[in-house]
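Peer 1: data-v1.cif is the file, holding mmCIF, N, CA and C atoms and all ligand atoms:
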data_coords
loop_
_atom_site.label_atom_id
_atom_site.label_comp_id
_atom_site.auth_asym_id
_atom_site.auth_seq_id
_atom_site.Cartn_x
_atom_site.Cartn_y
_atom_site.Cartn_z
N MET A 1 -30.19 21.51 -13.61
CA MET A 1 -29.49 21.62 -12.33
C MET A 1 -28.34 20.61 -12.25
N ASN A 2 -27.16 21.03 -12.63
CA ASN A 2 -26.05 20.09 -12.55
C ASN A 2 -24.76 20.79 -12.15
N GLY A 3 -24.91 21.76 -11.23
CA GLY A 3 -23.74 22.50 -10.77
C GLY A 3 -22.88 21.65 -9.84
N LYS A 4 -21.69 22.15 -9.57
CA LYS A 4 -20.73 21.38 -8.77
C LYS A 4 -20.79 21.72 -7.28
N TYR A 5 -21.57 22.71 -6.91
CA TYR A 5 -21.56 23.15 -5.51
C TYR A 5 -22.95 23.17 -4.89
N THR A 6 -22.99 22.85 -3.60
CA THR A 6 -24.21 23.09 -2.83
C THR A 6 -23.81 23.68 -1.48
N PHE A 7 -24.81 24.16 -0.77
CA PHE A 7 -24.58 24.78 0.53
C PHE A 7 -25.36 23.99 1.57
N SER A 8 -24.74 23.78 2.73
CA SER A 8 -25.40 23.01 3.78
C SER A 8 -25.22 23.66 5.15
N ILE A 9 -26.16 23.36 6.03
CA ILE A 9 -26.06 23.76 7.44
C ILE A 9 -26.29 22.52 8.29
N ILE A 10 -25.42 22.29 9.27
CA ILE A 10 -25.75 21.33 10.33
C ILE A 10 -26.47 22.15 11.39
N LYS A 11 -27.75 21.85 11.59
CA LYS A 11 -28.65 22.69 12.37
C LYS A 11 -28.41 22.55 13.89
N PRO A 12 -28.95 23.51 14.68
CA PRO A 12 -28.66 23.55 16.12
C PRO A 12 -28.96 22.26 16.87
N ASP A 13 -30.03 21.57 16.49
CA ASP A 13 -30.38 20.33 17.21
C ASP A 13 -29.27 19.30 17.07
N ALA A 14 -28.75 19.17 15.86
CA ALA A 14 -27.71 18.17 15.60
C ALA A 14 -26.38 18.55 16.23
N VAL A 15 -26.05 19.85 16.20
CA VAL A 15 -24.79 20.30 16.82
C VAL A 15 -24.86 20.08 18.34
N ARG A 16 -25.99 20.47 18.92
CA ARG A 16 -26.19 20.39 20.38
C ARG A 16 -26.08 18.95 20.89
N THR A 17 -26.53 18.01 20.09
CA THR A 17 -26.55 16.61 20.55
C THR A 17 -25.37 15.80 20.03
N GLY A 18 -24.35 16.50 19.53
CA GLY A 18 -23.10 15.81 19.18
C GLY A 18 -23.14 15.02 17.89
N LYS A 19 -24.00 15.43 16.95
CA LYS A 19 -24.11 14.69 15.68
C LYS A 19 -23.22 15.26 14.57
N THR A 20 -22.51 16.33 14.86
CA THR A 20 -21.69 16.96 13.81
C THR A 20 -20.70 15.97 13.20
N GLY A 21 -19.97 15.25 14.04
CA GLY A 21 -18.97 14.30 13.55
C GLY A 21 -19.58 13.22 12.66
N PRO A 22 -20.59 12.50 13.15
CA PRO A 22 -21.22 11.47 12.31
C PRO A 22 -21.79 12.02 11.00
N ILE A 23 -22.37 13.22 11.04
CA ILE A 23 -22.94 13.80 9.81
C ILE A 23 -21.82 14.15 8.82
N LEU A 24 -20.73 14.74 9.33
CA LEU A 24 -19.60 15.06 8.44
C LEU A 24 -19.00 13.79 7.84
N ALA A 25 -18.96 12.72 8.63
CA ALA A 25 -18.43 11.45 8.12
C ALA A 25 -19.29 10.94 6.96
N MET A 26 -20.62 11.05 7.11
CA MET A 26 -21.50 10.62 6.03
C MET A 26 -21.32 11.47 4.77
N ILE A 27 -21.15 12.78 4.98
CA ILE A 27 -20.93 13.69 3.85
C ILE A 27 -19.64 13.32 3.12
N ASN A 28 -18.60 13.05 3.89
CA ASN A 28 -17.32 12.63 3.28
C ASN A 28 -17.45 11.30 2.56
N GLU A 29 -18.08 10.35 3.22
CA GLU A 29 -18.21 9.00 2.62
C GLU A 29 -19.04 9.02 1.34
N ALA A 30 -19.94 9.99 1.25
CA ALA A 30 -20.76 10.10 0.03
C ALA A 30 -20.00 10.82 -1.09
N GLY A 31 -18.76 11.21 -0.81
CA GLY A 31 -17.92 11.78 -1.87
C GLY A 31 -17.96 13.29 -2.01
N PHE A 32 -18.59 13.97 -1.07
CA PHE A 32 -18.59 15.43 -1.11
C PHE A 32 -17.29 15.98 -0.55
N GLU A 33 -16.78 17.01 -1.19
CA GLU A 33 -15.58 17.68 -0.70
C GLU A 33 -16.01 18.99 -0.03
N ILE A 34 -15.55 19.20 1.21
CA ILE A 34 -15.87 20.44 1.92
C ILE A 34 -14.91 21.53 1.43
N THR A 35 -15.47 22.58 0.80
CA THR A 35 -14.61 23.64 0.27
C THR A 35 -14.68 24.91 1.11
N ALA A 36 -15.54 24.92 2.12
CA ALA A 36 -15.61 26.01 3.10
C ALA A 36 -16.44 25.51 4.27
N MET A 37 -16.03 25.90 5.48
CA MET A 37 -16.84 25.49 6.64
C MET A 37 -16.50 26.38 7.83
N LYS A 38 -17.52 26.74 8.60
CA LYS A 38 -17.28 27.44 9.87
C LYS A 38 -18.47 27.26 10.80
N MET A 39 -18.20 27.48 12.10
CA MET A 39 -19.25 27.42 13.10
C MET A 39 -19.72 28.85 13.37
N VAL A 40 -21.03 29.06 13.31
CA VAL A 40 -21.58 30.39 13.57
C VAL A 40 -22.85 30.28 14.41
N ARG A 41 -23.14 31.34 15.13
CA ARG A 41 -24.45 31.47 15.79
C ARG A 41 -25.21 32.53 15.00
N MET A 42 -26.23 32.13 14.29
CA MET A 42 -26.96 33.06 13.44
C MET A 42 -27.70 34.08 14.29
N THR A 43 -27.69 35.34 13.83
CA THR A 43 -28.49 36.38 14.48
C THR A 43 -29.93 36.24 13.96
N LEU A 44 -30.84 36.90 14.66
CA LEU A 44 -32.24 36.91 14.23
C LEU A 44 -32.35 37.48 12.81
N ASP A 45 -31.65 38.57 12.56
CA ASP A 45 -31.67 39.20 11.23
C ASP A 45 -31.19 38.24 10.15
N GLN A 46 -30.10 37.53 10.45
CA GLN A 46 -29.55 36.59 9.47
C GLN A 46 -30.54 35.47 9.17
N ALA A 47 -31.12 34.90 10.24
CA ALA A 47 -32.04 33.77 10.05
C ALA A 47 -33.29 34.22 9.30
N GLU A 48 -33.79 35.40 9.61
CA GLU A 48 -34.98 35.92 8.91
C GLU A 48 -34.69 36.11 7.43
N SER A 49 -33.51 36.63 7.17
CA SER A 49 -33.13 36.89 5.79
C SER A 49 -32.85 35.58 5.03
N PHE A 50 -32.15 34.65 5.69
CA PHE A 50 -31.83 33.36 5.06
C PHE A 50 -33.11 32.62 4.67
N TYR A 51 -34.12 32.66 5.53
CA TYR A 51 -35.37 31.93 5.29
C TYR A 51 -36.49 32.83 4.78
N ALA A 52 -36.14 33.97 4.20
CA ALA A 52 -37.14 34.95 3.73
C ALA A 52 -38.17 34.32 2.78
N VAL A 53 -37.77 33.30 2.00
CA VAL A 53 -38.73 32.66 1.07
C VAL A 53 -39.88 32.01 1.82
N HIS A 54 -39.68 31.67 3.10
CA HIS A 54 -40.73 31.01 3.88
C HIS A 54 -41.55 31.99 4.71
N LYS A 55 -41.24 33.28 4.59
CA LYS A 55 -41.97 34.28 5.38
C LYS A 55 -43.47 34.17 5.10
N GLY A 56 -44.26 34.16 6.17
CA GLY A 56 -45.71 34.04 6.01
C GLY A 56 -46.22 32.62 6.19
N LYS A 57 -45.32 31.63 6.07
CA LYS A 57 -45.75 30.25 6.31
C LYS A 57 -45.90 30.02 7.82
N PRO A 58 -46.76 29.07 8.21
CA PRO A 58 -47.04 28.89 9.64
C PRO A 58 -45.81 28.53 10.48
N PHE A 59 -44.81 27.91 9.85
CA PHE A 59 -43.64 27.48 10.64
C PHE A 59 -42.50 28.50 10.63
N TYR A 60 -42.68 29.63 9.92
CA TYR A 60 -41.57 30.58 9.72
C TYR A 60 -40.96 31.09 11.03
N GLU A 61 -41.83 31.58 11.92
CA GLU A 61 -41.29 32.20 13.13
C GLU A 61 -40.58 31.21 14.06
N ILE A 62 -41.16 30.02 14.23
CA ILE A 62 -40.48 29.04 15.08
C ILE A 62 -39.22 28.50 14.41
N LEU A 63 -39.23 28.50 13.07
CA LEU A 63 -38.02 28.08 12.35
C LEU A 63 -36.88 29.05 12.62
N VAL A 64 -37.18 30.34 12.53
CA VAL A 64 -36.17 31.37 12.78
C VAL A 64 -35.67 31.28 14.22
N GLU A 65 -36.59 31.08 15.13
CA GLU A 65 -36.23 30.95 16.55
C GLU A 65 -35.32 29.72 16.76
N PHE A 66 -35.72 28.63 16.15
CA PHE A 66 -34.93 27.39 16.26
C PHE A 66 -33.53 27.57 15.67
N MET A 67 -33.43 28.18 14.49
CA MET A 67 -32.14 28.30 13.81
C MET A 67 -31.18 29.25 14.53
N THR A 68 -31.73 30.11 15.43
CA THR A 68 -30.88 31.01 16.21
C THR A 68 -30.66 30.48 17.63
N SER A 69 -31.15 29.28 17.91
CA SER A 69 -31.13 28.77 19.29
C SER A 69 -29.77 28.24 19.74
N GLY A 70 -28.84 28.12 18.81
CA GLY A 70 -27.51 27.63 19.16
C GLY A 70 -26.63 27.67 17.93
N PRO A 71 -25.35 27.35 18.10
CA PRO A 71 -24.43 27.39 16.96
C PRO A 71 -24.76 26.34 15.90
N VAL A 72 -24.40 26.66 14.68
CA VAL A 72 -24.56 25.74 13.55
C VAL A 72 -23.23 25.68 12.80
N PHE A 73 -23.07 24.64 11.96
CA PHE A 73 -21.95 24.61 11.02
C PHE A 73 -22.50 24.90 9.64
N VAL A 74 -21.94 25.93 9.00
CA VAL A 74 -22.32 26.23 7.61
C VAL A 74 -21.18 25.77 6.71
N MET A 75 -21.51 25.26 5.54
CA MET A 75 -20.46 24.73 4.67
C MET A 75 -20.84 24.75 3.20
N ILE A 76 -19.82 24.81 2.37
CA ILE A 76 -20.00 24.67 0.92
C ILE A 76 -19.41 23.32 0.53
N LEU A 77 -20.18 22.57 -0.26
CA LEU A 77 -19.78 21.21 -0.63
C LEU A 77 -19.65 21.09 -2.14
N ARG A 78 -18.61 20.36 -2.56
CA ARG A 78 -18.42 20.14 -4.00
C ARG A 78 -18.64 18.67 -4.36
N HIS A 79 -19.36 18.47 -5.47
CA HIS A 79 -19.68 17.12 -5.95
C HIS A 79 -20.29 17.30 -7.33
N GLU A 80 -20.18 16.32 -8.20
CA GLU A 80 -20.93 16.39 -9.46
C GLU A 80 -22.42 16.43 -9.12
N ASN A 81 -23.14 17.29 -9.81
CA ASN A 81 -24.59 17.37 -9.59
C ASN A 81 -24.90 17.55 -8.10
N ALA A 82 -24.20 18.50 -7.48
CA ALA A 82 -24.14 18.61 -6.02
C ALA A 82 -25.50 18.80 -5.34
N VAL A 83 -26.32 19.69 -5.88
CA VAL A 83 -27.59 20.00 -5.22
C VAL A 83 -28.46 18.76 -5.12
N GLU A 84 -28.64 18.09 -6.25
CA GLU A 84 -29.52 16.92 -6.29
C GLU A 84 -28.93 15.76 -5.47
N GLU A 85 -27.63 15.53 -5.62
CA GLU A 85 -27.00 14.42 -4.89
C GLU A 85 -27.08 14.66 -3.37
N PHE A 86 -26.91 15.92 -2.95
CA PHE A 86 -26.94 16.18 -1.52
C PHE A 86 -28.37 16.06 -0.98
N ARG A 87 -29.36 16.52 -1.75
CA ARG A 87 -30.76 16.35 -1.33
C ARG A 87 -31.08 14.86 -1.17
N ARG A 88 -30.51 14.06 -2.05
CA ARG A 88 -30.73 12.62 -1.93
C ARG A 88 -30.09 12.08 -0.64
N LEU A 89 -28.89 12.55 -0.34
CA LEU A 89 -28.18 12.09 0.87
C LEU A 89 -28.90 12.50 2.15
N ILE A 90 -29.52 13.69 2.17
CA ILE A 90 -30.17 14.13 3.41
C ILE A 90 -31.58 13.56 3.56
N GLY A 91 -32.28 13.30 2.47
CA GLY A 91 -33.63 12.74 2.57
C GLY A 91 -34.70 13.81 2.71
N ALA A 92 -35.96 13.36 2.79
CA ALA A 92 -37.11 14.27 2.82
C ALA A 92 -37.09 15.18 4.04
N THR A 93 -37.74 16.33 3.91
CA THR A 93 -37.84 17.32 5.00
C THR A 93 -38.35 16.67 6.28
N ASP A 94 -39.40 15.87 6.14
CA ASP A 94 -39.99 15.16 7.28
C ASP A 94 -39.25 13.83 7.45
N PRO A 95 -38.57 13.65 8.57
CA PRO A 95 -37.77 12.43 8.74
C PRO A 95 -38.60 11.14 8.65
N ASN A 96 -39.90 11.25 8.96
CA ASN A 96 -40.75 10.06 8.82
C ASN A 96 -40.91 9.63 7.37
N LYS A 97 -40.68 10.57 6.45
CA LYS A 97 -40.82 10.27 5.03
C LYS A 97 -39.46 10.08 4.36
N ALA A 98 -38.39 10.28 5.12
CA ALA A 98 -37.05 10.17 4.54
C ALA A 98 -36.67 8.71 4.31
N GLU A 99 -35.94 8.46 3.24
CA GLU A 99 -35.48 7.10 2.91
C GLU A 99 -34.53 6.58 4.00
N PRO A 100 -34.55 5.25 4.24
CA PRO A 100 -33.60 4.67 5.18
C PRO A 100 -32.16 5.01 4.77
N GLY A 101 -31.33 5.25 5.75
CA GLY A 101 -29.92 5.52 5.46
C GLY A 101 -29.61 6.98 5.15
N THR A 102 -30.65 7.82 5.04
CA THR A 102 -30.39 9.24 4.80
C THR A 102 -30.04 9.94 6.12
N ILE A 103 -29.41 11.10 6.00
CA ILE A 103 -28.98 11.83 7.21
C ILE A 103 -30.18 12.20 8.08
N ARG A 104 -31.26 12.67 7.44
CA ARG A 104 -32.43 13.06 8.24
C ARG A 104 -33.10 11.84 8.87
N LYS A 105 -33.15 10.74 8.15
CA LYS A 105 -33.74 9.53 8.74
C LYS A 105 -32.96 9.13 9.99
N LEU A 106 -31.65 9.26 9.91
CA LEU A 106 -30.80 8.82 11.02
C LEU A 106 -30.74 9.82 12.17
N PHE A 107 -30.77 11.14 11.85
CA PHE A 107 -30.44 12.12 12.89
C PHE A 107 -31.52 13.16 13.19
N ALA A 108 -32.54 13.31 12.34
CA ALA A 108 -33.56 14.32 12.61
C ALA A 108 -34.45 13.88 13.76
N VAL A 109 -34.93 14.85 14.53
CA VAL A 109 -35.86 14.52 15.61
C VAL A 109 -37.29 14.94 15.27
N SER A 110 -37.47 15.82 14.29
CA SER A 110 -38.81 16.25 13.87
C SER A 110 -38.71 16.94 12.53
N VAL A 111 -39.87 17.32 11.96
CA VAL A 111 -39.86 18.06 10.69
C VAL A 111 -39.04 19.34 10.85
N GLN A 112 -39.21 19.99 11.98
CA GLN A 112 -38.47 21.24 12.20
C GLN A 112 -37.01 20.96 12.52
N MET A 113 -36.78 20.14 13.50
CA MET A 113 -35.40 19.86 13.93
C MET A 113 -34.87 18.70 13.10
N ASN A 114 -34.65 19.01 11.82
CA ASN A 114 -34.30 17.93 10.89
C ASN A 114 -32.81 17.87 10.53
N ALA A 115 -31.99 18.31 11.47
CA ALA A 115 -30.53 18.05 11.46
C ALA A 115 -29.71 18.81 10.42
N VAL A 116 -30.20 18.89 9.19
CA VAL A 116 -29.38 19.52 8.14
C VAL A 116 -30.24 20.32 7.17
N HIS A 117 -29.58 21.30 6.56
CA HIS A 117 -30.15 22.04 5.44
C HIS A 117 -29.36 21.68 4.19
N GLY A 118 -30.04 21.61 3.06
CA GLY A 118 -29.38 21.47 1.77
C GLY A 118 -30.08 22.35 0.75
N SER A 119 -29.33 23.11 -0.04
CA SER A 119 -29.91 24.01 -1.04
C SER A 119 -30.81 23.24 -2.00
N ASP A 120 -31.83 23.93 -2.54
CA ASP A 120 -32.78 23.25 -3.43
C ASP A 120 -32.58 23.58 -4.90
N SER A 121 -31.60 24.44 -5.23
CA SER A 121 -31.31 24.74 -6.64
C SER A 121 -29.89 25.32 -6.71
N ASP A 122 -29.33 25.32 -7.91
CA ASP A 122 -27.99 25.92 -8.08
C ASP A 122 -28.01 27.40 -7.71
N GLU A 123 -29.08 28.08 -8.10
CA GLU A 123 -29.20 29.52 -7.82
C GLU A 123 -29.21 29.76 -6.31
N ASN A 124 -30.00 28.98 -5.58
CA ASN A 124 -30.05 29.15 -4.13
C ASN A 124 -28.75 28.71 -3.46
N ALA A 125 -28.08 27.70 -4.02
CA ALA A 125 -26.80 27.27 -3.47
C ALA A 125 -25.80 28.44 -3.51
N GLU A 126 -25.78 29.14 -4.63
CA GLU A 126 -24.87 30.27 -4.79
C GLU A 126 -25.25 31.41 -3.85
N ARG A 127 -26.54 31.70 -3.80
CA ARG A 127 -27.02 32.78 -2.92
C ARG A 127 -26.70 32.46 -1.45
N GLU A 128 -26.95 31.21 -1.05
CA GLU A 128 -26.75 30.83 0.35
C GLU A 128 -25.25 30.76 0.70
N ALA A 129 -24.45 30.30 -0.23
CA ALA A 129 -22.99 30.27 0.00
C ALA A 129 -22.47 31.69 0.17
N ASN A 130 -22.93 32.60 -0.69
CA ASN A 130 -22.48 34.00 -0.60
C ASN A 130 -23.00 34.69 0.64
N PHE A 131 -24.10 34.19 1.16
CA PHE A 131 -24.70 34.77 2.37
C PHE A 131 -23.74 34.61 3.56
N PHE A 132 -23.01 33.49 3.60
CA PHE A 132 -22.14 33.21 4.75
C PHE A 132 -20.64 33.31 4.46
N PHE A 133 -20.24 33.20 3.21
CA PHE A 133 -18.80 33.13 2.92
C PHE A 133 -18.35 34.18 1.91
N SER A 134 -17.20 34.79 2.21
CA SER A 134 -16.55 35.65 1.23
C SER A 134 -15.71 34.76 0.30
N THR A 135 -15.26 35.31 -0.81
CA THR A 135 -14.45 34.52 -1.75
C THR A 135 -13.16 34.03 -1.08
N PHE A 136 -12.65 34.78 -0.09
CA PHE A 136 -11.40 34.40 0.59
C PHE A 136 -11.58 33.18 1.49
N GLU A 137 -12.83 32.86 1.81
CA GLU A 137 -13.08 31.72 2.70
C GLU A 137 -13.47 30.47 1.93
N ARG A 138 -13.41 30.54 0.60
CA ARG A 138 -13.83 29.41 -0.23
C ARG A 138 -12.62 28.80 -0.93
N PHE A 139 -12.51 27.47 -0.89
CA PHE A 139 -11.30 26.80 -1.41
C PHE A 139 -11.58 25.83 -2.56
P1 LIG A 201 -36.09 21.64 3.16
O1 LIG A 201 -35.18 22.02 4.30
O2 LIG A 201 -36.22 20.15 3.02
O3 LIG A 201 -35.71 22.32 1.86
P2 LIG A 201 -38.25 23.57 3.36
O4 LIG A 201 -39.64 23.33 2.90
O5 LIG A 201 -37.37 24.46 2.53
O6 LIG A 201 -37.56 22.15 3.55
O7 LIG A 201 -38.33 24.14 4.83
C1 LIG A 201 -37.21 24.74 5.46
C2 LIG A 201 -37.13 24.23 6.87
O8 LIG A 201 -38.26 24.67 7.61
C3 LIG A 201 -37.16 22.70 7.03
O9 LIG A 201 -35.90 22.10 6.81
C4 LIG A 201 -37.61 22.55 8.45
O10 LIG A 201 -36.57 22.81 9.39
C5 LIG A 201 -38.64 23.69 8.56
N1 LIG A 201 -39.98 23.22 8.22
C6 LIG A 201 -40.49 22.97 6.98
N2 LIG A 201 -41.77 22.56 7.04
C7 LIG A 201 -42.10 22.57 8.35
C8 LIG A 201 -43.30 22.24 9.06
O11 LIG A 201 -44.33 21.87 8.50
N3 LIG A 201 -43.25 22.38 10.43
C9 LIG A 201 -42.13 22.81 11.09
N4 LIG A 201 -40.98 23.12 10.45
C10 LIG A 201 -40.96 23.00 9.11
MG MG A 202 -35.66 24.34 1.39
#
As structure tokens, please, write out the structure in this file.
Peer 2:
Amino acid sequence: MNGKYTFSIIKPDAVRTGKTGPILAMINEAGFEITAMKMVRMTLDQAESFYAVHKGKPFYEILVEFMTSGPVFVMILRHENAVEEFRRLIGATDPNKAEPGTIRKLFAVSVQMNAVHGSDSDENAEREANFFFSTFERF
């Protein structure tokens, strides 16, 4: 896993509480280049499809509900070894287990409302980027 791109979402909790700016600043300071970005309100269909790998897990339905509860920022980020480096920057899924100084440690309010999404593999980064962006929207 050493691709140059990853895909991220600033989740509804963080957008709603005005954390978009501080999170983008951290992403920039960590050396990631934003190569695509837009604000969207995910439909139920989109959220179900985006999180289809989690279908059947106990948190799936509330996750889908949460992710459609307000607008999010979706983006494609470029960096050497992007997937792994970005996962390091955001920290563990559960903010209580996230390293100090990570985005989730600083901005997440719970395991569910954990401020940001980051792809977990190059394959998923590509799939998730294509889910939201056409080639004309990528720079
Ligand atoms: P990740 O976002 O760190 O890759 P995943 O296991 O892929 O974590 O889970 C996707 C998202 O589902 C998490 O970011 C979080 O919002 C939510 N989630 C995961 N586990 C739980 C849980 O145990 N309770 C509630 N929500 C969860
Ligand atoms: Mg995941």
Peer 1: Can you pull out the residues contacting Lys4 of chain A? Cut-off 5 Å, using all atoms listed in the file, and skip same-chain residues under 3 positions away; I want them as a ChimeraX atom specification.
Peer 2: /A:78-79,81-82
Peer 1: Would you work out the distance separating atom CA of Leu106 of chain A from atom CA of Glu128 of chain A, expressed in Å to one decimal?
Peer 2: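 Taking atom CA of Leu106 of chain A and atom CA of Glu128 of chain A, their separation equals 24.8 Å.
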Peer 1: Give me the residues near Val64 of chain A as a ChimeraX atom specification, where near means some atom within 7 Å (using all atoms listed in the file) and where sequence neighbours in that chain fewer than 6 positions away do not count.
Peer 2: /A:44,47-48
Peer 1: Mind writing the picked residues with N, CA and C atoms as a PDB file, keeping the file's coordinate frame?
Peer 2:
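Output (selection.pdb):
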ATOM      1  N   LEU A  44     -30.840  36.900  14.660  1.00  0.00           N
ATOM      2  CA  LEU A  44     -32.240  36.910  14.230  1.00  0.00           C
ATOM      3  C   LEU A  44     -32.350  37.480  12.810  1.00  0.00           C
ATOM      4  N   ALA A  47     -31.120  34.900  10.240  1.00  0.00           N
ATOM      5  CA  ALA A  47     -32.040  33.770  10.050  1.00  0.00           C
ATOM      6  C   ALA A  47     -33.290  34.220   9.300  1.00  0.00           C
ATOM      7  N   GLU A  48     -33.790  35.400   9.610  1.00  0.00           N
ATOM      8  CA  GLU A  48     -34.980  35.920   8.910  1.00  0.00           C
ATOM      9  C   GLU A  48     -34.690  36.110   7.430  1.00  0.00           C
TER      10      GLU A  48
END
Peer 1: Out of A:Val40, A:Val116, A:Ile90, A:Met26, which residue has the shortest atom-to-atom distance to Thr68 of chain A when counting only C-alpha atoms?
Peer 2: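 Using only C-alpha atoms, the shortest distance to Thr68 of chain A belongs to A:Val40.
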Peer 1: Return as an NGL selection string the residues of protein, DNA or RNA that approach ligand MG 202 (chain A) to within 8 Å, with all atoms listed in the file taken into account.
Peer 2: :A and (117-121)
